[in-house]
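Asks: One structure is given below, represented as structure tokens, and several questions about it will come after.
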Amino acid sequence: MAFLYPSFLFALAAAAIPVILHLVQLRRAKRVQFSNVRFIKASQEVTASQRKLKELLILLCRICFITFLVLAFAQPFLPGSAAVPTSDKDVSVMIDNSYSMQNLHAERDMALLTFAVDKAKTVFDLFPPAASFSILDNNSISVSKFPSPADARAALDNLDFSSKSQGKFKSSGGHFFFFSDFQKNNFTPSSVNQFDSVTQVHLLPLESGSIANVYIDTVYLEDAFIRAGGESTLHVIIQNAGSESIHDIPLKLIIDEQQVAALSVDLPANQATEAVISFKVSSNRSSLAYLAVDDYPVEFDNTYYFVLKPSQTIHIVEITDGNNLDLENLFSKERLFRYTKYQTSGVNYSRSGEADIIILNGLKDISNALATTISNYIQEGGTLMIIPPASSDINGYDGLFNAAGIPARVAASSGIKSDLVAPAADNPFFRGIFADYDRKMQMPSAVRSMTWSRASDNILKYRGGVPFISRFDRGQGQVYLMAAPLHEDHNTFVNHALLLPVMYKIAISSYKQEQQLAYTLSANTIKLTISLTSEGEGIYKLEKDSLSFIPEQQIRGGNLYLNIPPDLNEAGIYKLTLNGKTAGTVAFNYDNRESHLEQYTPEELRSIIGTDRKNIHVYDYGDAFSVKNEFEKRYFGVKLWKYCLILCLFFLMAEIALIRFL
């Protein structure tokens with residue numbers, strides 16, 4: 001047994017006071033005159049014996065009262081099983097305030113964050129007022145220290161949810177308490193290894209009532225183009241993370257504050273469901289939109305924000321000798337394509353360099369000037385498509401391939417056509433092309449006039465696996481190769497139904513739409529195209545209602561690169577402004593990793609951490625769980641001052657009873 005304040009033990013000398021009073025009282029003698037004591041002698045002996053016993057019991061009660069009163073002030077305790085580090089006065093409390101903590105507690109009708117704050121407040125009672133208290137959360141960049149437990153509790157009361165996931169642990173010695181739901185999707189048990197062996201780490205899991213949650217996972221357009229006044233199709237992937245099916249959950253699409261679509265969706269358990277919504281954008285300006293579902297209690301991911309920006313025209317330049325299929329009729333059917341055709345003898349190199357895609361269609365000869373222009377065009381981010389000629393008399397292709405870094409060559413074909421194989425059903429290039437996919441569909445056949453290797457992606461193949469159309473990524477640009485001429489004598493692809501969608505897809509891939517529908521707040525850097533610039537030193541800002549942020553920014557190659565500010569943690573649509581003028585709009589959503597609510601149990605955490613890290617302690621949860629009791633037993637043992645106080649009151653009452661009734 002040890003004492004927290006052993007200096008109070010000097011007060012035990014006060015136990016001598018009742019002894020002295022007792023001895024002084026014994027020396028006092030009173031003479032009583034009696035006529036005859038013969039008749040009361042026996043009664044006198046019995047009374048004296050009782051009186052002596054009573055006085056001794058009263059003396060004992062008084063000594064015990066003073067003794068236990070002094071011991072209560074000295075605060076005795078039985079030392080715990082774990083050694084208390086020398087830096088036990090450095091106390092850090094970290095609260096996981098990510099949005100997954102909106103989930104309800106298993107046995108309390110309150111959010112996990114509220115429950116964590118209440119439990120964290122009990123930690124400050126374990127340490128003397130002179131201890132150094134620190135509070136961290138997912139937004140913490142530096143440690144916030146507080147001079148007193150009262151200030152630390154007030155800071156906890158002001159804690160709110162954050163879009164940031166689990167913050168970085170900061171090893172500071174002493175004691176580190178971490179309250180969290182320990183999501184399997186976010187928490188990495190190995191992250192606690194950054195603590196040294198001196199820091200006592202206390203992991204306190206919070207049990208959620210359910211891991212069921214519905215959230216909008218992905219939103220994309222079926223067609224990459226948004227046409228003003230035309231109908232577009234939006235695909236929405238909704239995830240049901242619960243173990244029970246949900247029927248008729250409402251899904252709403254709001255564009256420019258007007259509801260344009262609403263439908264009910266059935267969500268099977270633990271599955272993603274795709275919903276398809278048709279809509280129209282009436283103007284050529286950007287439209288602000290969001291999708292909404294109804295789900296409780298985790299509501300942060302019920303809304304998905306995005307921006308619908310009408311597409312710009314794609315400029316297509318074809319350079320041809322006129323021997324292959326004429327592509328003008330092919331691309332003129334789509335009004336978003338702006339088509340220009342040059343003969344090799346009259347190429348406008350300056351206008352060709354401004355094109356989104358250049359198609360070299362059946363050229364017999366590629367000059368050095370054209371090869372140099374095309375090579376520079378690819379390096380600057382352009383898209384090139386090469387279709388070989390039907391003739392066997394060709395020149396200049398090797399120089400172009402070498403300049404572009406493409407392992408390909410053009411050679412005379414044998415004239416034997418080989419069938420193509422049907423594309424894979426999950427090939428993203430063909431997404432949205434097939435209404436009903438049939439692997440046994442009739443495919444075209446073609447000769448092989450061009451061969452290559454090590455492509456970035458093979459779009460179509462011959463039987464046997466040799467590529468027919470492939471894509472090569474070269475820096476910011478890309479190159480498409482077709483193995484056969486677009487001539488009906490060499491390639492039946494010219495008369496096949498796949499020709500139009502494949503050529504359209506290749507042209508669409510050149511579209512330099514840098515801004516996505518939406519971004520996540522967890523992204524570090526985003527890339528935006530800008531139409532508004534400043535001649536001086538203008539500063540771009542992100543603004544929403546009364547909020548304004550100045551992100552780290554850089555303009556490179558006509559694009560604006562923004563680092564998302566750490567304080568920007570509210571989803572929504574933000575205006576991008578330059579010197580007070582609107583330069584664009586950007587939509588931000590929460591990271592859907594927070595929507596997966598499955599968590600580690602205390603047993604799983606202990607199993608993963610192992611038994612080697614003696615300074616890492618995992619506590620059980622439950623309604624009867626108490627951080628204070630568990631921690632006191634482990635590090636301060638069993639405190640006995642309460643028992644001393646109880647005994648003190650017991651002997652005081654015993655003394656009163658002896659005087660009153662005995």
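Quick note on naming: the chains in the structure tokens go A, B, ... in the order shown, residues restart at 1 in each chain, and ligands are numbered from 1 in order of appearance.
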Got a sec: who's within 8 Å of range 298-311 of chain A, counting only C-alpha atoms, leaving out chain neighbours fewer than 6 positions off, as JSON, numbers by chain?
Replies: {"A": [99, 100, 102, 103, 213, 214, 215, 216, 225, 226, 227, 228, 284, 285, 286, 287, 288, 289, 290, 291, 292, 513, 517, 518, 571, 572, 573, 585, 586, 587, 588, 589, 590, 592, 595]}
Asks: Any chance you can output those residues with N, CA and C atoms as a CSV table (one decimal), in the first residue's frame?
Replies:
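The result, written out as part_26.csv:
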chain,number,residue,atom,x,y,z
A,99,TYR,N,-17.0,11.9,-40.2
A,99,TYR,CA,-18.5,11.8,-40.4
A,99,TYR,C,-19.0,10.4,-40.1
A,100,SER,N,-18.2,9.4,-40.1
A,100,SER,CA,-18.8,8.1,-39.7
A,100,SER,C,-19.2,8.1,-38.2
A,102,GLN,N,-21.2,10.0,-37.0
A,102,GLN,CA,-22.6,10.4,-36.9
A,102,GLN,C,-23.4,9.2,-36.5
A,103,ASN,N,-22.9,8.0,-36.7
A,103,ASN,CA,-23.6,6.8,-36.4
A,103,ASN,C,-24.0,6.7,-34.9
A,213,ASN,N,-25.9,1.5,-44.1
A,213,ASN,CA,-25.8,2.9,-44.6
A,213,ASN,C,-26.1,2.9,-46.1
A,214,VAL,N,-26.7,3.9,-46.6
A,214,VAL,CA,-27.0,4.1,-48.0
A,214,VAL,C,-26.3,5.4,-48.4
A,215,TYR,N,-25.6,5.3,-49.5
A,215,TYR,CA,-24.9,6.5,-50.0
A,215,TYR,C,-24.7,6.4,-51.5
A,216,ILE,N,-24.5,7.6,-52.1
A,216,ILE,CA,-24.3,7.7,-53.6
A,216,ILE,C,-22.8,7.6,-53.8
A,225,PHE,N,-20.6,14.3,-73.7
A,225,PHE,CA,-21.0,15.6,-74.1
A,225,PHE,C,-22.3,16.0,-73.4
A,226,ILE,N,-22.4,17.2,-73.1
A,226,ILE,CA,-23.6,17.8,-72.6
A,226,ILE,C,-24.1,18.9,-73.6
A,227,ARG,N,-25.2,18.6,-74.2
A,227,ARG,CA,-25.7,19.5,-75.3
A,227,ARG,C,-26.8,20.4,-74.7
A,228,ALA,N,-26.7,21.7,-74.9
A,228,ALA,CA,-27.8,22.6,-74.4
A,228,ALA,C,-29.1,22.3,-75.2
A,284,ASN,N,-26.5,27.3,-72.1
A,284,ASN,CA,-25.1,27.0,-72.4
A,284,ASN,C,-24.1,27.3,-71.2
A,285,ARG,N,-24.7,27.8,-70.1
A,285,ARG,CA,-23.8,28.0,-68.9
A,285,ARG,C,-23.8,26.8,-68.0
A,286,SER,N,-22.9,26.8,-67.1
A,286,SER,CA,-22.8,25.7,-66.1
A,286,SER,C,-24.0,25.6,-65.2
A,287,SER,N,-24.5,24.4,-65.0
A,287,SER,CA,-25.7,24.2,-64.2
A,287,SER,C,-25.2,23.5,-62.9
A,288,LEU,N,-25.7,24.0,-61.8
A,288,LEU,CA,-25.4,23.5,-60.5
A,288,LEU,C,-26.4,22.4,-60.1
A,289,ALA,N,-26.0,21.2,-59.8
A,289,ALA,CA,-26.9,20.1,-59.6
A,289,ALA,C,-26.5,19.3,-58.4
A,290,TYR,N,-27.4,18.5,-57.8
A,290,TYR,CA,-27.1,17.6,-56.8
A,290,TYR,C,-28.2,16.5,-56.8
A,291,LEU,N,-27.8,15.3,-56.3
A,291,LEU,CA,-28.6,14.1,-56.1
A,291,LEU,C,-28.8,13.9,-54.6
A,292,ALA,N,-30.0,13.5,-54.2
A,292,ALA,CA,-30.3,13.3,-52.8
A,292,ALA,C,-31.1,12.0,-52.6
A,513,GLN,N,-11.6,18.2,-71.7
A,513,GLN,CA,-12.5,18.7,-70.6
A,513,GLN,C,-11.8,18.3,-69.3
A,517,LEU,N,-17.0,16.2,-63.1
A,517,LEU,CA,-18.3,16.6,-62.6
A,517,LEU,C,-18.2,17.0,-61.1
A,518,ALA,N,-17.3,16.3,-60.4
A,518,ALA,CA,-17.2,16.7,-58.9
A,518,ALA,C,-15.8,16.1,-58.5
A,571,ALA,N,-18.9,19.9,-47.8
A,571,ALA,CA,-19.3,19.6,-49.2
A,571,ALA,C,-20.2,20.6,-49.8
A,572,GLY,N,-20.2,20.7,-51.1
A,572,GLY,CA,-21.1,21.7,-51.7
A,572,GLY,C,-20.5,22.2,-53.0
A,573,ILE,N,-21.1,23.2,-53.6
A,573,ILE,CA,-20.6,23.8,-54.8
A,573,ILE,C,-20.0,25.2,-54.5
A,585,THR,N,-17.1,27.2,-61.5
A,585,THR,CA,-17.7,26.5,-60.3
A,585,THR,C,-17.1,25.2,-60.2
A,586,VAL,N,-17.0,24.7,-58.9
A,586,VAL,CA,-16.4,23.4,-58.6
A,586,VAL,C,-17.2,22.8,-57.5
A,587,ALA,N,-17.5,21.5,-57.7
A,587,ALA,CA,-18.3,20.7,-56.7
A,587,ALA,C,-17.4,19.8,-55.9
A,588,PHE,N,-17.6,19.8,-54.6
A,588,PHE,CA,-16.8,18.9,-53.7
A,588,PHE,C,-17.8,18.0,-53.0
A,589,ASN,N,-17.4,16.8,-52.8
A,589,ASN,CA,-18.2,15.8,-52.0
A,589,ASN,C,-17.3,15.1,-51.0
A,590,TYR,N,-17.9,14.5,-50.0
A,590,TYR,CA,-17.1,13.8,-49.0
A,590,TYR,C,-16.6,12.5,-49.5
A,592,ASN,N,-16.1,8.8,-49.9
A,592,ASN,CA,-17.1,7.7,-49.6
A,592,ASN,C,-16.4,6.6,-48.7
A,595,SER,N,-18.2,6.3,-45.6
A,595,SER,CA,-19.5,5.7,-45.7
A,595,SER,C,-19.5,4.2,-45.3
Asks: Measuring between only C-alpha atoms, which one of A:Ser264, A:His596, A:Ile20, A:Ala484 shows the shortest distance to Leu59 in chain A?
Replies: A:Ile20
Asks: I'd like to know which residues of range 174-367 of chain A are strand (DSSP E) (by DSSP, run on the backbone); could you write them as a ChimeraX atom specification?
Replies: /A:175-180,200-205,214-221,231-240,246-255,258-267,271-280,287-293,303-308,314-320,337-343,357-361
Asks: Quick one: of A:Lys440, A:His617, A:Lys581, A:Arg448, who's nearest to Ala422 in chain A, counting only C-alpha atoms?
Replies: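 Comparing A:Lys440, A:His617, A:Lys581, A:Arg448 against Ala422 in chain A, the winner is A:Lys440.
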Asks: Taking 4 positions as the minimum chain separation for residues in the same chain, which residues sit within 12 Å of Leu370 in chain A when counting only C-alpha atoms? Answer as a ChimeraX atom specification.
Replies: /A:319,344-350,352-353,358,360,363,365-366,374-377,396-397,399-400,403
Asks: Per DSSP on the backbone, filter range 374-554 of chain A down to the residues in alpha helix (DSSP H) and report them as a list in words.
Replies: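 After running DSSP on the backbone, range 374-554 of chain A has alpha helix (DSSP H) at Ile374, Ser375, Asn376, Tyr377, Ile378, Gln379, Tyr397, Asp398, Gly399, Leu400, Phe401, Asn402, Ala403, Ala404, Leu499, Leu500, Pro501, Val502, Met503, Tyr504, Lys505, Ile506, Ala507, Ile508 and Ser509 of chain A.
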